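> Here you go, this is target.cif (mmCIF, C-alpha atoms).
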data_work
loop_
_atom_site.label_atom_id
_atom_site.label_comp_id
_atom_site.auth_asym_id
_atom_site.auth_seq_id
_atom_site.Cartn_x
_atom_site.Cartn_y
_atom_site.Cartn_z
CA MET A 1 0.00 0.00 0.00
CA ARG A 2 1.34 3.41 -0.93
CA PRO A 3 1.94 5.76 2.00
CA ARG A 4 -0.62 8.49 2.54
CA VAL A 5 0.85 11.97 2.09
CA LYS A 6 0.32 14.97 4.35
CA ILE A 7 1.46 18.33 3.03
CA CYS A 8 2.08 20.65 5.95
CA CYS A 9 2.51 24.42 6.37
CA ILE A 10 -0.49 25.11 4.11
CA GLN A 11 -1.06 28.85 4.06
CA SER A 12 -4.35 29.32 2.21
CA VAL A 13 -7.22 27.62 0.41
CA ALA A 14 -5.29 28.13 -2.83
CA GLU A 15 -2.30 26.18 -1.47
CA ALA A 16 -4.62 23.48 -0.14
CA GLU A 17 -6.10 23.10 -3.62
CA ILE A 18 -2.61 22.62 -5.10
CA ALA A 19 -1.70 20.01 -2.49
CA ILE A 20 -4.92 18.05 -2.92
CA ALA A 21 -4.70 18.16 -6.72
CA ALA A 22 -1.21 16.66 -6.45
CA GLY A 23 -2.53 13.75 -4.37
CA ALA A 24 -2.28 14.81 -0.72
CA SER A 25 -4.93 13.23 1.49
CA LEU A 26 -4.08 15.34 4.54
CA ILE A 27 -3.27 19.04 4.81
CA GLY A 28 -1.34 20.41 7.78
CA LEU A 29 -2.24 23.77 9.29
CA VAL A 30 0.32 25.20 11.71
CA GLY A 31 -0.82 27.18 14.72
CA ALA A 32 1.42 29.42 16.83
CA MET A 33 4.85 27.85 17.40
CA PRO A 34 8.01 28.86 19.28
CA SER A 35 10.00 28.37 16.06
CA GLY A 36 9.78 26.90 12.58
CA PRO A 37 7.98 27.69 9.33
CA GLY A 38 4.36 27.99 8.39
CA PRO A 39 2.26 29.34 11.30
CA ILE A 40 -0.97 31.04 10.33
CA SER A 41 -3.77 32.56 12.37
CA ASP A 42 -6.45 30.40 13.95
CA GLU A 43 -8.99 32.32 11.85
CA ARG A 44 -7.21 31.25 8.65
CA ILE A 45 -6.96 27.66 9.88
CA ALA A 46 -10.69 27.58 10.63
CA GLU A 47 -11.44 28.95 7.16
CA ILE A 48 -9.42 26.19 5.48
CA CYS A 49 -10.99 23.52 7.71
CA ARG A 50 -14.48 24.67 6.73
CA TRP A 51 -13.52 24.65 3.06
CA ALA A 52 -11.83 21.23 2.95
CA PRO A 53 -13.60 18.74 0.64
CA PRO A 54 -14.84 15.33 1.81
CA GLY A 55 -12.09 12.73 2.06
CA VAL A 56 -9.38 15.25 2.94
CA GLU A 57 -8.22 15.37 6.55
CA THR A 58 -7.46 18.77 8.06
CA VAL A 59 -4.65 18.56 10.61
CA LEU A 60 -4.18 21.29 13.22
CA LEU A 61 -0.62 21.49 14.58
CA SER A 62 -0.79 22.81 18.13
CA SER A 63 2.04 23.59 20.53
CA GLU A 64 -0.40 23.81 23.45
CA ILE A 65 0.23 21.23 26.16
CA THR A 66 -2.55 21.76 28.72
CA ALA A 67 -5.94 20.12 28.48
CA TYR A 68 -7.62 23.53 28.38
CA GLY A 69 -5.24 24.96 25.78
CA LEU A 70 -5.58 21.99 23.43
CA THR A 71 -9.36 21.63 23.68
CA ALA A 72 -9.81 25.38 23.19
CA HIS A 73 -7.50 25.39 20.16
CA VAL A 74 -9.52 22.61 18.56
CA ALA A 75 -12.77 24.42 19.32
CA ARG A 76 -11.52 27.54 17.54
CA CYS A 77 -10.27 25.75 14.43
CA GLN A 78 -12.46 22.62 14.06
CA PRO A 79 -9.95 20.29 12.35
CA SER A 80 -10.53 16.58 11.79
CA ILE A 81 -7.14 15.70 13.34
CA LEU A 82 -5.13 17.35 16.12
CA GLN A 83 -1.35 16.99 15.80
CA ILE A 84 0.18 17.54 19.25
CA VAL A 85 3.76 18.63 18.64
CA ASP A 86 4.98 18.75 22.26
CA ASP A 87 4.52 16.48 25.29
CA PRO A 88 1.03 17.21 26.66
CA ASP A 89 -0.04 17.19 30.28
CA PRO A 90 -1.15 13.72 31.46
CA ASP A 91 -4.85 14.62 31.52
CA ALA A 92 -4.92 16.21 28.07
CA TYR A 93 -5.73 13.11 26.01
CA ALA A 94 -8.79 12.20 28.09
CA ALA A 95 -9.99 15.81 28.07
CA LEU A 96 -9.73 15.93 24.30
CA ARG A 97 -11.67 12.68 23.91
CA THR A 98 -14.43 14.05 26.13
CA ALA A 99 -14.63 17.52 24.59
CA HIS A 100 -14.20 16.44 20.96
CA PRO A 101 -15.24 12.77 20.62
CA SER A 102 -14.99 12.67 16.81
CA LEU A 103 -11.51 14.23 16.74
CA LYS A 104 -8.54 12.04 15.81
CA LEU A 105 -5.33 12.52 17.79
CA MET A 106 -1.82 12.39 16.36
CA GLN A 107 1.16 12.64 18.71
CA VAL A 108 4.52 13.88 17.43
CA VAL A 109 7.58 12.01 18.67
CA HIS A 110 10.88 13.73 17.93
CA VAL A 111 13.50 11.10 17.13
CA GLU A 112 16.60 12.35 18.90
CA ASP A 113 17.72 8.94 20.18
CA GLU A 114 16.37 5.47 21.03
CA ALA A 115 14.25 6.90 23.85
CA ALA A 116 11.79 7.85 21.10
CA ILE A 117 10.69 4.20 20.90
CA ASP A 118 9.44 4.13 24.48
CA GLN A 119 7.89 7.58 24.06
CA ALA A 120 5.93 6.30 21.06
CA ARG A 121 4.80 3.17 22.89
CA THR A 122 3.44 5.32 25.71
CA ALA A 123 1.70 7.79 23.40
CA ALA A 124 0.20 5.03 21.27
CA ARG A 125 -2.04 4.01 24.16
CA HIS A 126 -3.84 7.36 23.91
CA VAL A 127 -3.78 8.48 20.27
CA ASP A 128 -4.83 7.33 16.81
CA ALA A 129 -1.49 7.89 15.06
CA ILE A 130 2.14 8.78 15.69
CA LEU A 131 4.21 11.22 13.65
CA LEU A 132 8.01 11.02 13.74
CA ASP A 133 9.89 14.29 13.28
CA SER A 134 13.35 15.78 13.74
CA GLY A 135 12.73 18.55 16.23
CA ARG A 136 14.60 19.24 19.45
CA PRO A 137 12.11 20.00 22.23
CA SER A 138 15.01 20.31 24.67
CA ALA A 139 16.60 23.24 22.79
CA THR A 140 16.66 26.68 24.43
CA VAL A 141 14.10 27.74 21.83
CA LYS A 142 12.05 24.61 21.26
CA GLU A 143 12.18 23.07 17.79
CA LEU A 144 8.87 21.28 17.33
CA GLY A 145 9.02 20.56 13.60
CA GLY A 146 9.70 22.10 10.23
CA THR A 147 13.48 21.77 10.58
CA GLY A 148 14.10 20.29 7.13
CA ARG A 149 16.46 17.74 8.76
CA THR A 150 16.30 13.98 8.53
CA HIS A 151 16.83 11.83 11.60
CA ASN A 152 18.02 8.28 12.26
CA TRP A 153 15.67 6.17 10.15
CA ALA A 154 17.00 2.96 11.71
CA ILE A 155 15.42 4.07 14.99
CA SER A 156 12.25 5.05 13.15
CA ALA A 157 12.01 1.60 11.56
CA ARG A 158 12.27 -0.08 14.97
CA LEU A 159 9.64 2.31 16.31
CA VAL A 160 7.20 1.48 13.50
CA ALA A 161 7.56 -2.20 14.36
CA ALA A 162 7.08 -1.50 18.08
CA VAL A 163 3.71 0.29 18.00
CA ASP A 164 0.29 -0.81 16.84
CA LYS A 165 -0.83 2.55 15.46
CA PRO A 166 -0.25 4.17 12.05
CA VAL A 167 3.06 6.04 11.92
CA PHE A 168 3.77 9.04 9.71
CA LEU A 169 7.37 9.92 8.86
CA ALA A 170 8.48 13.56 8.66
CA GLY A 171 11.79 15.38 8.66
CA GLY A 172 13.77 16.42 5.60
CA LEU A 173 11.88 14.30 3.06
CA ASP A 174 12.18 15.22 -0.60
CA ALA A 175 11.97 13.60 -4.02
CA GLY A 176 15.57 12.43 -3.78
CA ASN A 177 15.32 10.52 -0.50
CA VAL A 178 11.69 9.45 -0.13
CA ALA A 179 12.20 6.05 -1.79
CA GLU A 180 15.00 5.18 0.63
CA ALA A 181 12.93 6.45 3.57
CA VAL A 182 9.93 4.30 2.64
CA ALA A 183 12.08 1.24 2.01
CA GLN A 184 13.83 1.54 5.37
CA VAL A 185 11.07 2.78 7.68
CA ARG A 186 7.88 1.39 6.07
CA PRO A 187 5.69 4.20 7.41
CA TYR A 188 1.93 4.40 7.02
CA GLY A 189 2.24 7.99 5.83
CA LEU A 190 4.66 10.75 4.83
CA ASP A 191 4.70 14.37 5.96
CA LEU A 192 6.61 17.28 4.50
CA CYS A 193 6.74 21.04 4.42
CA SER A 194 10.00 22.88 3.72
CA LYS A 195 11.24 20.70 0.86
CA VAL A 196 8.24 21.53 -1.34
CA ARG A 197 8.33 25.26 -0.75
CA THR A 198 10.27 28.03 -2.49
CA VAL A 199 10.46 31.53 -0.99
CA ASP A 200 7.68 30.56 1.45
CA GLN A 201 5.35 29.46 -1.36
CA LEU A 202 4.15 25.96 -2.11
CA ASP A 203 6.14 24.95 -5.19
CA ALA A 204 3.98 22.91 -7.57
CA ALA A 205 6.99 21.53 -9.47
CA LYS A 206 8.73 20.30 -6.29
CA LEU A 207 5.46 18.89 -5.04
CA THR A 208 4.80 17.02 -8.28
CA ALA A 209 8.32 15.56 -8.24
CA PHE A 210 7.90 14.42 -4.64
CA MET A 211 4.51 12.83 -5.24
CA LYS A 212 5.83 10.95 -8.27
CA ALA A 213 8.76 9.64 -6.25
CA ALA A 214 6.49 8.71 -3.32
CA GLN A 215 4.04 6.85 -5.53
CA THR A 216 6.77 4.69 -7.00
CA ALA A 217 8.65 4.14 -3.72
#
Render the structure in this file as structure tokens.

Amino acid sequence: MRPRVKICCIQSVAEAEIAIAAGASLIGLVGAMPSGPGPISDERIAEICRWAPPGVETVLLSSEITAYGLTAHVARCQPSILQIVDDPDPDAYAALRTAHPSLKLMQVVHVEDEAAIDQARTAARHVDAILLDSGRPSATVKELGGTGRTHNWAISARLVAAVDKPVFLAGGLDAGNVAEAVAQVRPYGLDLCSKVRTVDQLDAAKLTAFMKAAQTA
């Protein structure tokens, strides 16, 4: 089965249309972040979520970690999936399930070392999917995604085998390395942002090249 593709850092309905036309089945909408590319206002995110056609998942990236902050962010934006990019408070998952029962939850695990495997196992008990990225939450200014860097795919492959939930792979993917990434990690889905953008615009040529490479991986 070909990996599903999520195009992140979508800035507008026009960009969402380009991503979907190229074959993306999920579009990522970045809320306020301490660093990284692509944040847009909650009002813009809500607009794109309302517009999204049937069959396309809208994914809100939130850096909130409290139960209140996360449930309120979802209420403002109304996505179909919440991507939690930092470690949430222990009660946040249950609060989200209660407040938004139809919402799907995706937890980001930043693959810095082998500890990511245990982090994913723990998160998998509470969420519907895991996303592996190359951020550094421990940095002075937190990096929670959008770095354009790859990480150790050998660890990612072990992690995929260790959890019973769909796993998306992010971090530095492009047309030149996606085949190797899929062959090594065997993810359920792929996620990318910076490698298909030029001067902060979604680049249709780069996107087309990536999708072609992903489809044949």
> Would you mind telling me which residue in A:Ser156, A:Thr98, A:Asn177, A:Ser62 lies nearest to A:Pro34 when using all atoms listed in the file?
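Result for the nearest residue to A:Pro34: A:Ser62.
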> I'd like the residues picked by the PyMOL selection byres ((chain A and resi 104) around 9) written out as a PyMOL selection string, using the chain letters and numbers from the file.
chain A and resi 80-83+97+100-103+105-106+127-129
> To verify the selection step, state as a PyMOL selection string which residues the PyMOL selection byres ((chain A and resi 198-214) around 9) yields on this input.
chain A and resi 2-3+5+9-11+15+18-19+22-24+37-38+173-179+182+190+193-197+215-217
> Take the residues from that selection and write them out as an mmCIF file, in the frame of the given file, keeping C-alpha atoms.

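In the end it all went to part-v7.cif:
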data_model
loop_
_atom_site.group_PDB
_atom_site.id
_atom_site.type_symbol
_atom_site.label_atom_id
_atom_site.label_comp_id
_atom_site.auth_asym_id
_atom_site.auth_seq_id
_atom_site.Cartn_x
_atom_site.Cartn_y
_atom_site.Cartn_z
ATOM 1 C CA ARG A 2 1.340 3.410 -0.930
ATOM 2 C CA PRO A 3 1.940 5.760 2.000
ATOM 3 C CA VAL A 5 0.850 11.970 2.090
ATOM 4 C CA CYS A 9 2.510 24.420 6.370
ATOM 5 C CA ILE A 10 -0.490 25.110 4.110
ATOM 6 C CA GLN A 11 -1.060 28.850 4.060
ATOM 7 C CA GLU A 15 -2.300 26.180 -1.470
ATOM 8 C CA ILE A 18 -2.610 22.620 -5.100
ATOM 9 C CA ALA A 19 -1.700 20.010 -2.490
ATOM 10 C CA ALA A 22 -1.210 16.660 -6.450
ATOM 11 C CA GLY A 23 -2.530 13.750 -4.370
ATOM 12 C CA ALA A 24 -2.280 14.810 -0.720
ATOM 13 C CA PRO A 37 7.980 27.690 9.330
ATOM 14 C CA GLY A 38 4.360 27.990 8.390
ATOM 15 C CA LEU A 173 11.880 14.300 3.060
ATOM 16 C CA ASP A 174 12.180 15.220 -0.600
ATOM 17 C CA ALA A 175 11.970 13.600 -4.020
ATOM 18 C CA GLY A 176 15.570 12.430 -3.780
ATOM 19 C CA ASN A 177 15.320 10.520 -0.500
ATOM 20 C CA VAL A 178 11.690 9.450 -0.130
ATOM 21 C CA ALA A 179 12.200 6.050 -1.790
ATOM 22 C CA VAL A 182 9.930 4.300 2.640
ATOM 23 C CA LEU A 190 4.660 10.750 4.830
ATOM 24 C CA CYS A 193 6.740 21.040 4.420
ATOM 25 C CA SER A 194 10.000 22.880 3.720
ATOM 26 C CA LYS A 195 11.240 20.700 0.860
ATOM 27 C CA VAL A 196 8.240 21.530 -1.340
ATOM 28 C CA ARG A 197 8.330 25.260 -0.750
ATOM 29 C CA GLN A 215 4.040 6.850 -5.530
ATOM 30 C CA THR A 216 6.770 4.690 -7.000
ATOM 31 C CA ALA A 217 8.650 4.140 -3.720
#
> Can you measure atom CA of A:Ala16 to atom CA of A:Leu132 for me? One decimal in Å is fine.
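If I compute the distance from atom CA of A:Ala16 to atom CA of A:Leu132, I get 22.5 Å.
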> Could you tell me how far atom CA of A:Val167 sits from atom CA of A:Arg76, in Å to one decimal place?
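That distance, rounded to one decimal, is 26.6 Å.
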> Choose the residue, out of A:Val13, A:Leu169, A:Leu192, A:Ala154, that has the smallest atom-to-atom separation from A:Ile48; count only C-alpha atoms.
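Ranked by minimum distance to A:Ile48, first place goes to A:Val13.
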> Find, counting only C-alpha atoms, the residue in A:Ala123, A:Val109, A:Glu114, A:Ser63 that gets nearest to A:Pro90.
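The closest residue to A:Pro90 is A:Ala123.
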> For the structure provided, state which residues fall under the PyMOL selection byres ((chain A and resi 89) around 10), and present them as a list of chain:residue names.
A:Glu64, A:Ile65, A:Thr66, A:Ala67, A:Asp86, A:Asp87, A:Pro88, A:Pro90, A:Asp91, A:Ala92, A:Tyr93
> For atom CA of A:Leu60 and atom CA of A:Gly28, determine how far apart the two atoms are, in Å to one decimal place.
6.2 Å
> With a distance cut-off of 6 Å and all atoms listed in the file, select the neighbouring residues of stretch 39-46 of chain A, excluding the residue or stretch itself and same-chain residues fewer than 3 positions from it, and output the selection as a JSON list (two decimals) with C-alpha atoms, keeping the file's coordinate frame.

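What follows is the written file out-v3.json:
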[["chain", "number", "residue", "atom", "x", "y", "z"],
["A", 30, "VAL", "CA", 0.32, 25.20, 11.71],
["A", 31, "GLY", "CA", -0.82, 27.18, 14.72],
["A", 32, "ALA", "CA", 1.42, 29.42, 16.83],
["A", 49, "CYS", "CA", -10.99, 23.52, 7.71],
["A", 77, "CYS", "CA", -10.27, 25.75, 14.43]]
> Between A:Ala120, A:Leu96, A:Ala14, A:Val163, which is the closest to A:Gly69 once you count all atoms listed in the file?
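Using all atoms listed in the file, A:Gly69 sits closest to A:Leu96.
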> From the list A:Ala116, A:Cys8, A:Ser134, A:Thr122, which residue is nearest A:Leu159 when using all atoms listed in the file?
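Nearest to A:Leu159: A:Ala116.
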> Identify which of the residues A:Ile84, A:Ala95, A:Leu61, A:Ala162 lies closest to A:Gly36, counting all atoms listed in the file when measuring atom-to-atom distances.
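Nearest to A:Gly36: A:Leu61.
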> Could you list as a PDB file with C-alpha atoms, keeping the file's coordinate frame every residue that has an atom within 6 Å of (15.4, 18.2, 7.5), using the file's coordinates and counting all atoms listed in the file?

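Below is the file point-v9.pdb, written as the result:
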ATOM      1  CA  THR A 147      13.480  21.770  10.580  1.00  0.00           C
ATOM      2  CA  GLY A 148      14.100  20.290   7.130  1.00  0.00           C
ATOM      3  CA  ARG A 149      16.460  17.740   8.760  1.00  0.00           C
ATOM      4  CA  THR A 150      16.300  13.980   8.530  1.00  0.00           C
ATOM      5  CA  GLY A 171      11.790  15.380   8.660  1.00  0.00           C
ATOM      6  CA  GLY A 172      13.770  16.420   5.600  1.00  0.00           C
TER       7      GLY A 172
END
> Can you pull out every residue within 6 Å of A:Lys6, counting only C-alpha atoms, but drop anything in the same chain fewer than 6 positions away, and send it as a PDB file with C-alpha atoms, in the coordinates of the input?

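This went into out.pdb:
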ATOM      1  CA  ALA A  24      -2.280  14.810  -0.720  1.00  0.00           C
ATOM      2  CA  LEU A  26      -4.080  15.340   4.540  1.00  0.00           C
ATOM      3  CA  ILE A  27      -3.270  19.040   4.810  1.00  0.00           C
ATOM      4  CA  ASP A 191       4.700  14.370   5.960  1.00  0.00           C
TER       5      ASP A 191
END
